[in-house]
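Report on the structure given below.
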Amino acid sequence: VGRDTLGAEILEFLQHADIDATHVLSGNAPTGTARVVQVDGEPQFTVQTNVAWDAIQLSLPMVYPELVYWGTAAQNTITNRATLREILSLSPRHRFFDMNLRQHYYSDELILNDLQNATIVKFNEHEWGIIKKITSSTSPADLLKLFDIKVVAVTLGSKGAELYNCSGVVLATAPHALVVNTTGAGDAFSAALAAGVLRGAAPPLILATACDAGAAVVAHQGAHVQFPVHIVEAFK
């Protein structure tokens with residue numbers, strides 16, 4: 001984050017949410033922002049450049065994470081790509097690639113490299129179309145054979161989601177929800193997916209909880225919501 005008002009607000013939010021901010025870095029560039037516009041019910045992002053998150057560096061004591069989560073947009077600079085390689089070299093048990101395609105922040109080469117590094121992958125129907133062309137795959141299950149990927153999640157909007165692993169595929173329908181704003185729904189889905197994998201939960205429970213988390217977000221204005229107890233305690 002930047003050393004500015006927005007950066008201070010983020011750090012305060014993390015503190016109030018009881019989230020460890022030990023490894024959050026502060027830089028001289030302004031805190032990154034994105035303009036979000038709803039188009040046909042889907043959020044369209046315009047991400048600002050020359051901001052603090054364009055220069056993420058490991059300047060803190062080395063840590064050894066159990067899971068690393070990343071997307072394509074964060075790799076828009078040489079510095080960030082080098083930092084990601086350094087983090088992945090720590091050999092985390094789980095390597096979660098969430099495609100999250102934004103603007104021009106991706107290429108076929110970048111996506112293929114991320115697939116090669118990942119053990120967990122999540123994408124939507126549009127992004128699957130791009131992966132199909134790059135990998136010559138006909139089913140998301142093919143990715144389990146082509147790469148070191150153990151879990152593939154495909155979000156299908158109002159139709160639900162699919163989860164692929166070595167045991168087969170699990171399907172889940174989307175919970176009924178009055179859609180107010182879809183911004184942040186994919187992130188909520190990913191958070192539940194990551195938590196379920198880390199806890200070693202059963203795939204049907206992981207997928208159902210991830211869909212519930214996404215539905216909880218779309219029913220509210222803004223991406224930050226208080227999840228129902230059944231989501232918070234799903235993997236305990």
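By order in the structure tokens, chains are A, B, ...; within a chain, residues start at 1; ligands start at 1, following the order shown.
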Write out as a ChimeraX atom specification all residues of stretch 53-234 of chain A that backbone DSSP assigns to helix (DSSP H, G or I).
/A:53-54,73-75,78-88,108-117,125-135,142-146,157-159,185-199,203-218,229-232
Counting only C-alpha atoms, what is within 10 Å of stretch 62-79 of chain A, bar same-chain residues fewer than 6 positions away, as a PyMOL selection string?
chain A and resi 23+47+49-50+53-56+87-107+110-111+114+118-122+190-191+194-195+197-198
Filtering to C-alpha atoms, could you give me those residues as a short mmCIF file (atom, residue, chain, number, x, y, z; two decimals), in the first residue's frame?
data_model
loop_
_atom_site.label_atom_id
_atom_site.label_comp_id
_atom_site.auth_asym_id
_atom_site.auth_seq_id
_atom_site.Cartn_x
_atom_site.Cartn_y
_atom_site.Cartn_z
CA HIS A 23 4.04 -8.54 5.81
CA VAL A 47 -6.82 -0.67 -12.89
CA THR A 49 -0.92 2.09 -12.89
CA ASN A 50 2.24 3.57 -11.33
CA TRP A 53 1.38 -2.57 -5.84
CA ASP A 54 3.39 -2.23 -9.07
CA ALA A 55 6.60 -2.69 -7.05
CA ILE A 56 6.08 -5.58 -4.64
CA ILE A 87 7.93 -16.58 -3.46
CA LEU A 88 7.15 -19.70 -5.47
CA SER A 89 10.76 -20.86 -5.00
CA LEU A 90 9.92 -21.26 -1.30
CA SER A 91 8.05 -24.43 -2.35
CA PRO A 92 4.63 -23.75 -0.81
CA ARG A 93 2.47 -26.85 -0.59
CA HIS A 94 -0.40 -25.14 -2.42
CA ARG A 95 0.04 -22.73 -5.32
CA PHE A 96 -3.30 -21.09 -6.18
CA PHE A 97 -3.54 -19.34 -9.57
CA ASP A 98 -6.75 -17.30 -9.91
CA MET A 99 -6.81 -16.05 -13.52
CA ASN A 100 -8.78 -12.85 -12.93
CA LEU A 101 -8.04 -11.40 -16.38
CA ARG A 102 -7.97 -7.59 -16.31
CA GLN A 103 -7.39 -5.19 -19.20
CA HIS A 104 -4.07 -5.89 -20.93
CA TYR A 105 -2.36 -7.49 -17.91
CA TYR A 106 -1.92 -10.93 -19.44
CA SER A 107 -0.55 -12.85 -22.38
CA LEU A 110 2.05 -15.57 -18.90
CA ILE A 111 -1.06 -17.73 -18.50
CA ASP A 114 1.11 -19.67 -14.33
CA ALA A 118 -0.01 -23.92 -10.04
CA THR A 119 -1.53 -26.76 -8.02
CA ILE A 120 -4.93 -25.02 -7.74
CA VAL A 121 -6.53 -23.09 -10.60
CA LYS A 122 -9.77 -21.11 -10.74
CA SER A 190 -11.57 -18.21 -4.01
CA ALA A 191 -11.17 -17.55 -0.28
CA ALA A 194 -8.45 -21.97 -0.47
CA ALA A 195 -9.67 -22.46 3.09
CA VAL A 197 -8.23 -27.11 0.48
CA LEU A 198 -6.01 -26.05 3.37
#
With only C-alpha atoms as the basis for distance, which of A:Ile19, A:Val151, A:Val232, A:Leu84 is at the shortest distance from A:Pro203?
A:Val151
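Rounded to one decimal, atom CA of A:Gly196 and atom CA of A:Ala161 lie 15.2 Å from each other.
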DSSP strand (DSSP E) selection over stretch 129-226 of chain A, as a short mmCIF file (atom, residue, chain, number, x, y, z; two decimals) with N, CA and C atoms, in the first residue's frame:
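As a result, selection37.cif now contains:
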data_model
loop_
_atom_site.label_atom_id
_atom_site.label_comp_id
_atom_site.auth_asym_id
_atom_site.auth_seq_id
_atom_site.Cartn_x
_atom_site.Cartn_y
_atom_site.Cartn_z
N VAL A 151 -6.33 -29.32 -8.30
CA VAL A 151 -7.71 -28.86 -8.17
C VAL A 151 -7.98 -27.80 -9.24
N VAL A 152 -9.07 -27.97 -9.97
CA VAL A 152 -9.50 -26.97 -10.94
C VAL A 152 -10.93 -26.57 -10.59
N ALA A 153 -11.16 -25.28 -10.42
CA ALA A 153 -12.50 -24.77 -10.14
C ALA A 153 -12.94 -23.87 -11.29
N VAL A 154 -14.15 -24.11 -11.78
CA VAL A 154 -14.71 -23.31 -12.86
C VAL A 154 -15.99 -22.66 -12.36
N THR A 155 -16.03 -21.33 -12.32
CA THR A 155 -17.23 -20.63 -11.89
C THR A 155 -18.13 -20.37 -13.10
N ALA A 161 -21.04 -23.86 -10.19
CA ALA A 161 -19.61 -24.06 -10.36
C ALA A 161 -19.29 -25.54 -10.49
N GLU A 162 -18.07 -25.81 -10.96
CA GLU A 162 -17.57 -27.18 -11.08
C GLU A 162 -16.21 -27.27 -10.41
N LEU A 163 -15.94 -28.44 -9.82
CA LEU A 163 -14.65 -28.67 -9.16
C LEU A 163 -14.10 -30.00 -9.67
N TYR A 164 -12.90 -29.95 -10.25
CA TYR A 164 -12.26 -31.14 -10.79
C TYR A 164 -11.04 -31.51 -9.95
N ASN A 165 -10.89 -32.80 -9.65
CA ASN A 165 -9.67 -33.31 -9.05
C ASN A 165 -9.45 -34.73 -9.53
N GLY A 168 -12.48 -37.06 -9.92
CA GLY A 168 -13.56 -36.77 -10.85
C GLY A 168 -14.01 -35.32 -10.76
N VAL A 169 -15.29 -35.09 -10.99
CA VAL A 169 -15.82 -33.74 -10.98
C VAL A 169 -17.00 -33.64 -10.02
N VAL A 170 -17.08 -32.51 -9.33
CA VAL A 170 -18.19 -32.20 -8.43
C VAL A 170 -18.91 -30.98 -8.99
N LEU A 171 -20.23 -31.01 -9.01
CA LEU A 171 -21.03 -29.91 -9.50
C LEU A 171 -21.81 -29.29 -8.36
N ALA A 172 -22.02 -27.98 -8.42
CA ALA A 172 -22.82 -27.28 -7.42
C ALA A 172 -23.66 -26.22 -8.10
#
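One finds atom CA of A:Gly160 at 15.0 Å from atom CA of A:Asp187.
Comparing A:Asn80, A:Val36, A:Asn124, A:Ser137 by their smallest distance to A:Asn181, the closest is A:Val36 (using only C-alpha atoms).
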Can you tell me, as a list in words, what residues are no more than 12 Å from A:Ala8 when counting only C-alpha atoms, ignoring any on the same chain fewer than 6 positions away?
Val1, Gly2, Leu14, Gln15, Ala21, Val24, Leu25, Ser26, Gly27, Pro30 and Thr31 of chain A
Given the selection you just returned, output its residues as a file containing C-alpha atoms, formatted as an mmCIF file, in the first residue's frame.
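So the final result, stored in result-v8.cif, reads:
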data_model
loop_
_atom_site.group_PDB
_atom_site.id
_atom_site.type_symbol
_atom_site.label_atom_id
_atom_site.label_comp_id
_atom_site.auth_asym_id
_atom_site.auth_seq_id
_atom_site.Cartn_x
_atom_site.Cartn_y
_atom_site.Cartn_z
ATOM 1 C CA VAL A 1 0.000 0.000 0.000
ATOM 2 C CA GLY A 2 1.041 3.627 -0.271
ATOM 3 C CA LEU A 14 -6.999 -5.284 8.479
ATOM 4 C CA GLN A 15 -6.461 -4.512 12.153
ATOM 5 C CA ALA A 21 -0.611 -7.205 8.490
ATOM 6 C CA VAL A 24 2.075 -5.699 4.241
ATOM 7 C CA LEU A 25 4.604 -3.349 2.649
ATOM 8 C CA SER A 26 4.281 0.443 2.436
ATOM 9 C CA GLY A 27 5.784 2.392 -0.458
ATOM 10 C CA PRO A 30 0.065 5.978 -4.072
ATOM 11 C CA THR A 31 -2.141 3.091 -3.002
#
Between A:Leu143, A:Ala201, A:Leu193, A:Cys211, which has the minimum distance to A:Gly157 (counting only C-alpha atoms)?
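Answer, going by the shortest atom-to-atom distance: A:Cys211.
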In Å, how far is it from atom CA of A:Ala234 to atom CA of A:His220?
21.0 Å
When distances are computed from only C-alpha atoms, which of A:Pro140, A:Gly184, A:Gly7, A:Pro43 shows the smallest separation from A:His224?
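Checking each candidate against A:His224, we get A:Gly184 as the closest.
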